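Raw final.cif, mmCIF, C-alpha atoms; chains and numbers go by the auth columns:
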data_start
loop_
_atom_site.group_PDB
_atom_site.id
_atom_site.type_symbol
_atom_site.label_atom_id
_atom_site.label_comp_id
_atom_site.label_asym_id
_atom_site.label_seq_id
_atom_site.Cartn_x
_atom_site.Cartn_y
_atom_site.Cartn_z
_atom_site.B_iso_or_equiv
_atom_site.auth_seq_id
_atom_site.auth_asym_id
ATOM 1 C CA GLN A 1 0.000 0.000 0.000 0.00 1 Z
ATOM 2 C CA LYS A 2 1.300 3.412 -0.910 0.00 2 Z
ATOM 3 C CA GLU A 3 1.903 5.839 1.904 0.00 3 Z
ATOM 4 C CA VAL A 4 0.104 8.675 0.138 0.00 4 Z
ATOM 5 C CA GLU A 5 -2.623 8.295 -2.459 0.00 5 Z
ATOM 6 C CA GLN A 6 -4.158 10.803 -4.800 0.00 6 Z
ATOM 7 C CA ASN A 7 -6.485 10.595 -7.751 0.00 7 Z
ATOM 8 C CA SER A 8 -4.328 11.207 -10.793 0.00 8 Z
ATOM 9 C CA GLY A 9 -7.054 13.117 -12.623 0.00 9 Z
ATOM 10 C CA PRO A 10 -7.134 15.103 -14.734 0.00 10 Z
ATOM 11 C CA LEU A 11 -9.586 17.211 -12.833 0.00 11 Z
ATOM 12 C CA SER A 12 -11.159 19.808 -15.090 0.00 12 Z
ATOM 13 C CA VAL A 13 -12.954 22.852 -13.732 0.00 13 Z
ATOM 14 C CA PRO A 14 -14.134 26.051 -15.397 0.00 14 Z
ATOM 15 C CA GLU A 15 -12.454 29.321 -14.592 0.00 15 Z
ATOM 16 C CA GLY A 16 -13.887 30.846 -11.436 0.00 16 Z
ATOM 17 C CA ALA A 17 -15.054 27.533 -9.994 0.00 17 Z
ATOM 18 C CA ILE A 18 -13.824 25.763 -6.867 0.00 18 Z
ATOM 19 C CA ALA A 19 -11.329 22.964 -7.425 0.00 19 Z
ATOM 20 C CA SER A 20 -11.241 20.254 -4.778 0.00 20 Z
ATOM 21 C CA LEU A 21 -8.206 18.014 -4.487 0.00 21 Z
ATOM 22 C CA ASN A 22 -8.041 15.062 -2.130 0.00 22 Z
ATOM 23 C CA CYS A 23 -5.347 12.936 -0.581 0.00 23 Z
ATOM 24 C CA THR A 24 -5.353 9.972 1.776 0.00 24 Z
ATOM 25 C CA TYR A 25 -2.442 8.610 3.754 0.00 25 Z
ATOM 26 C CA SER A 26 -1.821 5.303 5.419 0.00 26 Z
ATOM 27 C CA ASP A 27 0.443 5.964 8.372 0.00 27 Z
ATOM 28 C CA ARG A 28 -1.230 7.248 11.515 0.00 28 Z
ATOM 29 C CA VAL A 29 2.014 8.627 12.899 0.00 29 Z
ATOM 30 C CA SER A 30 2.051 11.216 10.122 0.00 30 Z
ATOM 31 C CA GLN A 31 1.933 14.618 11.717 0.00 31 Z
ATOM 32 C CA SER A 32 2.575 17.261 9.113 0.00 32 Z
ATOM 33 C CA PHE A 33 1.033 17.632 5.705 0.00 33 Z
ATOM 34 C CA PHE A 34 1.816 19.756 2.724 0.00 34 Z
ATOM 35 C CA TRP A 35 0.444 20.681 -0.654 0.00 35 Z
ATOM 36 C CA TYR A 36 2.814 21.468 -3.492 0.00 36 Z
ATOM 37 C CA ARG A 37 2.162 22.634 -7.013 0.00 37 Z
ATOM 38 C CA GLN A 38 4.301 21.415 -9.883 0.00 38 Z
ATOM 39 C CA TYR A 39 4.266 22.840 -13.376 0.00 39 Z
ATOM 40 C CA SER A 40 5.457 20.619 -16.185 0.00 40 Z
ATOM 41 C CA GLY A 41 9.241 20.384 -16.269 0.00 41 Z
ATOM 42 C CA LYS A 42 9.652 22.326 -13.043 0.00 42 Z
ATOM 43 C CA SER A 43 10.252 21.338 -9.458 0.00 43 Z
ATOM 44 C CA PRO A 44 7.477 21.522 -6.863 0.00 44 Z
ATOM 45 C CA GLU A 45 6.665 24.730 -5.019 0.00 45 Z
ATOM 46 C CA LEU A 46 5.041 24.827 -1.604 0.00 46 Z
ATOM 47 C CA ILE A 47 1.465 26.084 -1.424 0.00 47 Z
ATOM 48 C CA MET A 48 0.243 25.156 2.037 0.00 48 Z
ATOM 49 C CA SER A 49 1.232 23.308 5.161 0.00 49 Z
ATOM 50 C CA ILE A 50 -1.176 22.027 7.786 0.00 50 Z
ATOM 51 C CA TYR A 51 -0.436 20.362 11.095 0.00 51 Z
ATOM 52 C CA SER A 52 -3.693 20.131 13.042 0.00 52 Z
ATOM 53 C CA ASN A 53 -7.233 19.030 12.312 0.00 53 Z
ATOM 54 C CA GLY A 54 -9.521 21.518 10.673 0.00 54 Z
ATOM 55 C CA ASP A 55 -9.176 24.137 7.996 0.00 55 Z
ATOM 56 C CA LYS A 56 -6.337 26.474 7.162 0.00 56 Z
ATOM 57 C CA GLU A 57 -6.899 29.291 4.711 0.00 57 Z
ATOM 58 C CA ASP A 58 -4.375 31.272 2.716 0.00 58 Z
ATOM 59 C CA GLY A 59 -5.780 33.515 0.035 0.00 59 Z
ATOM 60 C CA ARG A 60 -7.681 31.412 -2.482 0.00 60 Z
ATOM 61 C CA PHE A 61 -6.365 28.190 -0.974 0.00 61 Z
ATOM 62 C CA THR A 62 -7.843 26.215 1.920 0.00 62 Z
ATOM 63 C CA ALA A 63 -6.258 23.076 3.280 0.00 63 Z
ATOM 64 C CA GLN A 64 -8.395 20.678 5.291 0.00 64 Z
ATOM 65 C CA LEU A 65 -7.068 17.941 7.542 0.00 65 Z
ATOM 66 C CA ASN A 66 -8.940 15.080 9.159 0.00 66 Z
ATOM 67 C CA LYS A 67 -6.542 12.829 11.016 0.00 67 Z
ATOM 68 C CA ALA A 68 -9.234 10.405 12.175 0.00 68 Z
ATOM 69 C CA SER A 69 -10.138 9.681 8.566 0.00 69 Z
ATOM 70 C CA GLN A 70 -6.567 10.089 7.373 0.00 70 Z
ATOM 71 C CA TYR A 71 -7.246 12.513 4.607 0.00 71 Z
ATOM 72 C CA VAL A 72 -6.150 15.957 3.644 0.00 72 Z
ATOM 73 C CA SER A 73 -7.674 18.120 0.965 0.00 73 Z
ATOM 74 C CA LEU A 74 -6.976 21.348 -0.869 0.00 74 Z
ATOM 75 C CA LEU A 75 -9.662 23.712 -2.096 0.00 75 Z
ATOM 76 C CA ILE A 76 -8.860 26.351 -4.675 0.00 76 Z
ATOM 77 C CA ARG A 77 -11.460 29.075 -4.933 0.00 77 Z
ATOM 78 C CA ASP A 78 -11.947 31.226 -7.997 0.00 78 Z
ATOM 79 C CA SER A 79 -9.757 28.888 -10.037 0.00 79 Z
ATOM 80 C CA GLN A 80 -7.625 30.529 -12.701 0.00 80 Z
ATOM 81 C CA PRO A 81 -6.049 29.041 -15.823 0.00 81 Z
ATOM 82 C CA SER A 82 -2.668 29.711 -14.199 0.00 82 Z
ATOM 83 C CA ASP A 83 -3.653 27.222 -11.494 0.00 83 Z
ATOM 84 C CA SER A 84 -3.446 24.456 -14.076 0.00 84 Z
ATOM 85 C CA ALA A 85 -0.680 22.192 -12.806 0.00 85 Z
ATOM 86 C CA THR A 86 -0.122 18.970 -10.943 0.00 86 Z
ATOM 87 C CA TYR A 87 -0.815 19.189 -7.230 0.00 87 Z
ATOM 88 C CA LEU A 88 1.193 16.980 -4.945 0.00 88 Z
ATOM 89 C CA CYS A 89 0.210 15.976 -1.454 0.00 89 Z
ATOM 90 C CA ALA A 90 3.107 15.302 0.908 0.00 90 Z
ATOM 91 C CA VAL A 91 3.184 13.698 4.305 0.00 91 Z
ATOM 92 C CA ASN A 92 5.919 13.824 6.893 0.00 92 Z
ATOM 93 C CA LEU A 93 6.506 10.833 9.127 0.00 93 Z
ATOM 94 C CA TYR A 94 8.099 12.353 12.190 0.00 94 Z
ATOM 95 C CA ASN A 95 9.412 9.179 13.719 0.00 95 Z
ATOM 96 C CA PHE A 96 11.500 8.327 10.710 0.00 96 Z
ATOM 97 C CA ASN A 97 12.074 11.792 9.281 0.00 97 Z
ATOM 98 C CA LYS A 98 10.449 10.569 6.082 0.00 98 Z
ATOM 99 C CA PHE A 99 8.780 12.831 3.594 0.00 99 Z
ATOM 100 C CA TYR A 100 6.560 11.099 1.043 0.00 100 Z
ATOM 101 C CA PHE A 101 4.618 12.401 -1.922 0.00 101 Z
ATOM 102 C CA GLY A 102 1.472 11.225 -3.595 0.00 102 Z
ATOM 103 C CA SER A 103 1.482 10.681 -7.332 0.00 103 Z
ATOM 104 C CA GLY A 104 -0.210 14.038 -7.873 0.00 104 Z
ATOM 105 C CA THR A 105 -3.499 15.235 -9.308 0.00 105 Z
ATOM 106 C CA LYS A 106 -3.432 17.074 -12.594 0.00 106 Z
ATOM 107 C CA LEU A 107 -5.735 20.091 -12.558 0.00 107 Z
ATOM 108 C CA ASN A 108 -6.966 21.800 -15.727 0.00 108 Z
ATOM 109 C CA VAL A 109 -8.737 25.118 -15.349 0.00 109 Z
ATOM 110 C CA LYS A 110 -10.554 25.980 -18.539 0.00 110 Z
ATOM 111 C CA PRO A 111 -10.993 29.640 -19.515 0.00 111 Z
ATOM 112 C CA GLY B 1 9.646 30.757 1.198 0.00 1 J
ATOM 113 C CA ALA B 2 13.188 29.681 1.784 0.00 2 J
ATOM 114 C CA VAL B 3 15.574 29.373 -1.139 0.00 3 J
ATOM 115 C CA VAL B 4 17.197 26.164 -2.224 0.00 4 J
ATOM 116 C CA SER B 5 19.584 26.309 -5.139 0.00 5 J
ATOM 117 C CA GLN B 6 20.395 23.245 -7.204 0.00 6 J
ATOM 118 C CA HIS B 7 23.134 23.075 -9.784 0.00 7 J
ATOM 119 C CA PRO B 8 23.471 22.256 -12.618 0.00 8 J
ATOM 120 C CA SER B 9 19.988 22.564 -14.049 0.00 9 J
ATOM 121 C CA ARG B 10 20.861 20.396 -17.025 0.00 10 J
ATOM 122 C CA VAL B 11 23.700 18.028 -17.713 0.00 11 J
ATOM 123 C CA ILE B 12 24.507 15.653 -20.502 0.00 12 J
ATOM 124 C CA CYS B 13 27.181 13.077 -19.879 0.00 13 J
ATOM 125 C CA LYS B 14 28.612 10.040 -21.540 0.00 14 J
ATOM 126 C CA SER B 15 27.793 6.583 -20.346 0.00 15 J
ATOM 127 C CA GLY B 16 30.264 5.399 -17.727 0.00 16 J
ATOM 128 C CA THR B 17 31.154 8.823 -16.378 0.00 17 J
ATOM 129 C CA SER B 18 30.119 10.338 -13.047 0.00 18 J
ATOM 130 C CA VAL B 19 28.035 13.420 -12.461 0.00 19 J
ATOM 131 C CA LYS B 20 27.820 15.531 -9.315 0.00 20 J
ATOM 132 C CA ILE B 21 24.734 17.555 -8.457 0.00 21 J
ATOM 133 C CA GLU B 22 24.843 20.214 -5.753 0.00 22 J
ATOM 134 C CA CYS B 23 22.015 21.357 -3.529 0.00 23 J
ATOM 135 C CA ARG B 24 22.444 24.448 -1.384 0.00 24 J
ATOM 136 C CA SER B 25 20.144 26.087 1.132 0.00 25 J
ATOM 137 C CA LEU B 26 20.800 29.802 0.727 0.00 26 J
ATOM 138 C CA ASP B 27 19.001 31.397 3.638 0.00 27 J
ATOM 139 C CA PHE B 28 18.552 28.706 6.247 0.00 28 J
ATOM 140 C CA GLN B 29 20.390 25.814 7.776 0.00 29 J
ATOM 141 C CA ALA B 30 19.180 22.552 6.331 0.00 30 J
ATOM 142 C CA THR B 31 19.402 19.816 8.924 0.00 31 J
ATOM 143 C CA THR B 32 17.836 17.382 6.493 0.00 32 J
ATOM 144 C CA MET B 33 17.997 17.132 2.744 0.00 33 J
ATOM 145 C CA PHE B 34 16.052 14.783 0.530 0.00 34 J
ATOM 146 C CA TRP B 35 16.902 13.566 -2.924 0.00 35 J
ATOM 147 C CA TYR B 36 14.240 12.553 -5.409 0.00 36 J
ATOM 148 C CA ARG B 37 14.099 11.416 -8.973 0.00 37 J
ATOM 149 C CA GLN B 38 11.178 11.872 -11.258 0.00 38 J
ATOM 150 C CA PHE B 39 10.449 10.247 -14.602 0.00 39 J
ATOM 151 C CA PRO B 40 8.214 12.019 -17.126 0.00 40 J
ATOM 152 C CA LYS B 41 4.618 12.246 -15.964 0.00 41 J
ATOM 153 C CA LYS B 42 5.430 10.246 -12.857 0.00 42 J
ATOM 154 C CA SER B 43 5.534 11.171 -9.218 0.00 43 J
ATOM 155 C CA LEU B 44 8.549 12.061 -7.156 0.00 44 J
ATOM 156 C CA MET B 45 10.399 9.022 -5.924 0.00 45 J
ATOM 157 C CA LEU B 46 12.336 9.489 -2.718 0.00 46 J
ATOM 158 C CA MET B 47 15.857 8.162 -3.162 0.00 47 J
ATOM 159 C CA ALA B 48 17.497 9.033 0.118 0.00 48 J
ATOM 160 C CA THR B 49 17.368 11.212 3.175 0.00 49 J
ATOM 161 C CA SER B 50 20.501 12.827 4.516 0.00 50 J
ATOM 162 C CA ASN B 51 21.172 14.561 7.768 0.00 51 J
ATOM 163 C CA GLU B 52 24.123 16.856 8.176 0.00 52 J
ATOM 164 C CA GLY B 53 27.191 15.025 9.366 0.00 53 J
ATOM 165 C CA SER B 54 25.778 11.530 9.108 0.00 54 J
ATOM 166 C CA LYS B 55 25.372 8.877 6.453 0.00 55 J
ATOM 167 C CA ALA B 56 22.409 9.090 4.155 0.00 56 J
ATOM 168 C CA THR B 57 19.480 6.723 4.560 0.00 57 J
ATOM 169 C CA TYR B 58 18.603 5.155 1.234 0.00 58 J
ATOM 170 C CA GLU B 59 15.197 3.926 0.184 0.00 59 J
ATOM 171 C CA GLN B 60 14.743 0.315 -0.717 0.00 60 J
ATOM 172 C CA GLY B 61 15.965 -0.425 -4.211 0.00 61 J
ATOM 173 C CA VAL B 62 18.282 2.581 -4.448 0.00 62 J
ATOM 174 C CA GLU B 63 21.923 1.608 -4.833 0.00 63 J
ATOM 175 C CA LYS B 64 23.969 3.574 -2.344 0.00 64 J
ATOM 176 C CA ASP B 65 27.217 2.825 -4.163 0.00 65 J
ATOM 177 C CA LYS B 66 25.808 4.233 -7.367 0.00 66 J
ATOM 178 C CA PHE B 67 24.134 7.300 -5.904 0.00 67 J
ATOM 179 C CA LEU B 68 26.623 8.795 -3.490 0.00 68 J
ATOM 180 C CA ILE B 69 25.226 11.405 -1.161 0.00 69 J
ATOM 181 C CA ASN B 70 27.287 13.741 0.948 0.00 70 J
ATOM 182 C CA HIS B 71 25.840 16.224 3.414 0.00 71 J
ATOM 183 C CA ALA B 72 28.967 17.723 4.868 0.00 72 J
ATOM 184 C CA SER B 73 27.523 21.047 5.988 0.00 73 J
ATOM 185 C CA LEU B 74 24.209 22.556 6.990 0.00 74 J
ATOM 186 C CA THR B 75 23.913 24.312 3.660 0.00 75 J
ATOM 187 C CA LEU B 76 25.242 21.831 1.133 0.00 76 J
ATOM 188 C CA SER B 77 24.416 18.326 0.013 0.00 77 J
ATOM 189 C CA THR B 78 25.709 16.625 -3.103 0.00 78 J
ATOM 190 C CA LEU B 79 24.471 13.678 -5.118 0.00 79 J
ATOM 191 C CA THR B 80 26.987 11.922 -7.335 0.00 80 J
ATOM 192 C CA VAL B 81 25.686 9.527 -9.943 0.00 81 J
ATOM 193 C CA THR B 82 28.583 7.162 -10.527 0.00 82 J
ATOM 194 C CA SER B 83 29.172 5.221 -13.720 0.00 83 J
ATOM 195 C CA ALA B 84 26.065 6.694 -15.228 0.00 84 J
ATOM 196 C CA HIS B 85 24.032 4.739 -17.754 0.00 85 J
ATOM 197 C CA PRO B 86 21.193 5.801 -20.050 0.00 86 J
ATOM 198 C CA GLU B 87 18.629 4.364 -17.642 0.00 87 J
ATOM 199 C CA ASP B 88 19.845 6.880 -15.059 0.00 88 J
ATOM 200 C CA SER B 89 18.555 9.692 -17.247 0.00 89 J
ATOM 201 C CA SER B 90 15.918 11.455 -15.190 0.00 90 J
ATOM 202 C CA PHE B 91 14.950 14.631 -13.389 0.00 91 J
ATOM 203 C CA TYR B 92 16.721 14.766 -10.027 0.00 92 J
ATOM 204 C CA ILE B 93 15.376 17.112 -7.393 0.00 93 J
ATOM 205 C CA CYS B 94 16.637 17.965 -3.940 0.00 94 J
ATOM 206 C CA SER B 95 14.692 19.444 -1.098 0.00 95 J
ATOM 207 C CA ALA B 96 15.826 20.827 2.213 0.00 96 J
ATOM 208 C CA ARG B 97 14.227 21.514 5.554 0.00 97 J
ATOM 209 C CA GLY B 98 15.364 23.277 8.665 0.00 98 J
ATOM 210 C CA GLY B 99 13.824 20.955 11.229 0.00 99 J
ATOM 211 C CA VAL B 100 11.638 17.882 11.676 0.00 100 J
ATOM 212 C CA GLY B 101 8.053 18.611 10.766 0.00 101 J
ATOM 213 C CA THR B 102 8.765 21.860 8.967 0.00 102 J
ATOM 214 C CA GLU B 103 8.210 22.527 5.317 0.00 103 J
ATOM 215 C CA ALA B 104 10.669 21.290 2.769 0.00 104 J
ATOM 216 C CA PHE B 105 11.710 23.577 -0.054 0.00 105 J
ATOM 217 C CA PHE B 106 12.817 22.348 -3.408 0.00 106 J
ATOM 218 C CA GLY B 107 15.722 23.109 -5.628 0.00 107 J
ATOM 219 C CA GLN B 108 15.118 23.791 -9.302 0.00 108 J
ATOM 220 C CA GLY B 109 15.937 20.250 -10.300 0.00 109 J
ATOM 221 C CA THR B 110 18.599 18.771 -12.543 0.00 110 J
ATOM 222 C CA ARG B 111 17.740 17.113 -15.800 0.00 111 J
ATOM 223 C CA LEU B 112 20.337 14.421 -16.405 0.00 112 J
ATOM 224 C CA THR B 113 20.733 12.864 -19.813 0.00 113 J
ATOM 225 C CA VAL B 114 23.192 10.028 -20.206 0.00 114 J
ATOM 226 C CA VAL B 115 24.180 9.279 -23.795 0.00 115 J
#

How does the structure come out when it is put into structure tokens?
Amino acid sequence: QKEVEQNSGPLSVPEGAIASLNCTYSDRVSQSFFWYRQYSGKSPELIMSIYSNGDKEDGRFTAQLNKASQYVSLLIRDSQPSDSATYLCAVNLYNFNKFYFGSGTKLNVKP
Amino acid sequence: GAVVSQHPSRVICKSGTSVKIECRSLDFQATTMFWYRQFPKKSLMLMATSNEGSKATYEQGVEKDKFLINHASLTLSTLTVTSAHPEDSSFYICSARGGVGTEAFFGQGTRLTVV
């Protein structure tokens, strides 16, 4: 079983809509969670980090964490064509200083 | 966010030669650095985790004698691909973090082509 799982997509949304990206993880000792955005041919860039249950908002982005259900999600409000990229969920396993990524969800925002 | 610089961004080498990739944290001390490789349209694959001053921890299936990692200082880690072969051609990316549980920031990546 993979440590971090994401739907590969592509997820297509119209410009201005809300894009919802989901991620599940297998290891209960995971304690910190991150969302990265990766454009084709580039390295990932950090969008959000979340450490405790609930919602965390930053501009158009909201990260949601539910440790009991072992999932973390990212909502993008007012989606823009420039948001089109692959979104990677990452999980940090404290005990082993491991940092694992999901396979990524490709998002297409159509003008 | 913090800045991580990776060099070179692209390298082409002949089969059988070795290539060194550098990863530097420019504005913070990186206690841990991670090395990944990524094939086209695939996810990041963690190769190894290195902590400053200690030996790197390699993931299962990654040959430590082929992918030499050195993390001699809090701002520099290097990955050397030894005796490179065409199947080693890939996008190699480093990331660095200042402490356990904190965000990791990525270098720009190195696209290695072995001919």

Requested in this report: Return the neighbours of chain J among the residues of chain Z, cut-off 8 Å, counting only C-alpha atoms, as a PyMOL selection string.
Outcome: chain Z and resi 31-32+34+42-46+49+92+94+97-104

Query raised in the report: Which residue gives the smallest distance to Arg97 (chain J) among J:Ser77, J:Ser9, J:Ser83, J:Ser25, with all atoms listed in the file counted?
Result: J:Ser25

To box region 77-85 of chain J, take all atoms listed in the file, fit an axis-aligned box, add 4 Å on each side, and give centre and edge lengths in Å to one decimal, as JSON.
{"center_x": 26.6, "center_y": 11.5, "center_z": -8.9, "size_x": 13.1, "size_y": 21.6, "size_z": 25.8}

Query - Expected selection from the PyMOL selection byres ((chain J and resi 52) around 7), given as a PyMOL selection string - result: chain J and resi 31-32+50-51+53-54+71-74

Query raised in the report: So which one's closest to Tyr36 (chain Z), Z:Tyr87, Z:Leu65, Z:Gly16, Z:Thr105? Using all atoms listed in the file, please.
Result: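 Ranked by minimum distance to Tyr36 (chain Z), first place goes to Z:Tyr87.
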
**Report entry** Residues within 6 Å of (-7.3, 33.2, -5.1), counting all atoms listed in the file, listed as an NGL selection string
**Finding:** :Z and (59-60 or 77-78)

Query - CA of Asn66 (chain Z) to CA of Glu3 (chain Z), distance in Å rounded to a single decimal - result: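 Atom-to-atom, CA of Asn66 (chain Z) to CA of Glu3 (chain Z), that is 16.0 Å.
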
Starting from the point (-6.7, 9.6, 14.0), work out which residues of protein, DNA or RNA have an atom no more than 10 Å away when counting only C-alpha atoms; state them as a PDB file with C-alpha atoms, in the coordinates of the input.
ATOM      1  CA  ASP Z  27       0.443   5.964   8.372  1.00  0.00           C
ATOM      2  CA  ARG Z  28      -1.230   7.248  11.515  1.00  0.00           C
ATOM      3  CA  VAL Z  29       2.014   8.627  12.899  1.00  0.00           C
ATOM      4  CA  SER Z  30       2.051  11.216  10.122  1.00  0.00           C
ATOM      5  CA  ASN Z  53      -7.233  19.030  12.312  1.00  0.00           C
ATOM      6  CA  ASN Z  66      -8.940  15.080   9.159  1.00  0.00           C
ATOM      7  CA  LYS Z  67      -6.542  12.829  11.016  1.00  0.00           C
ATOM      8  CA  ALA Z  68      -9.234  10.405  12.175  1.00  0.00           C
ATOM      9  CA  SER Z  69     -10.138   9.681   8.566  1.00  0.00           C
ATOM     10  CA  GLN Z  70      -6.567  10.089   7.373  1.00  0.00           C
ATOM     11  CA  TYR Z  71      -7.246  12.513   4.607  1.00  0.00           C
TER      12      TYR Z  71
END

Requested in this report: Find the residues around Pro81 (chain Z) up to 10 Å (all atoms listed in the file counted), leave out those fewer than 5 positions away in its own chain, and share them as a ChimeraX atom specification.
Outcome: /Z:13-16,107-111

Query raised in the report: What do you get, as an NGL selection string, if you spell out every residue that the PyMOL selection byres ((chain J and resi 14) around 6) selects here?
Result: :J and (13 or 15 or 17 or 114-115)

Report task. Would you mind telling me which residue in Z:Gln6, Z:Gln64, Z:Ser52, Z:Ser79 lies nearest to Thr24 (chain Z) when using only C-alpha atoms? Result ->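 When distances to Thr24 (chain Z) are compared using only C-alpha atoms, the smallest one comes from Z:Gln6.
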
Neighbouring residues of Ala85 (chain Z) were defined as those with any atom within 8 Å, considering all atoms listed in the file; residues of the same chain fewer than 2 positions away were excluded. Please report them as a PDB file with C-alpha atoms, in the frame of the given file.
ATOM      1  CA  ARG Z  37       2.162  22.634  -7.013  1.00  0.00           C
ATOM      2  CA  GLN Z  38       4.301  21.415  -9.883  1.00  0.00           C
ATOM      3  CA  TYR Z  39       4.266  22.840 -13.376  1.00  0.00           C
ATOM      4  CA  SER Z  40       5.457  20.619 -16.185  1.00  0.00           C
ATOM      5  CA  SER Z  82      -2.668  29.711 -14.199  1.00  0.00           C
ATOM      6  CA  ASP Z  83      -3.653  27.222 -11.494  1.00  0.00           C
ATOM      7  CA  TYR Z  87      -0.815  19.189  -7.230  1.00  0.00           C
ATOM      8  CA  LYS Z 106      -3.432  17.074 -12.594  1.00  0.00           C
ATOM      9  CA  LEU Z 107      -5.735  20.091 -12.558  1.00  0.00           C
ATOM     10  CA  ASN Z 108      -6.966  21.800 -15.727  1.00  0.00           C
TER      11      ASN Z 108
END

Query - Atom-to-atom span, CA of Leu26 (chain J) and CA of Thr82 (chain J), Å - result: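 Between CA of Leu26 (chain J) and CA of Thr82 (chain J) the gap works out to 26.5 Å.
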
Query raised in the report: So how many Å separate CA of Lys64 (chain J) and CA of Ala84 (chain J), to one decimal?
Result: 13.4 Å
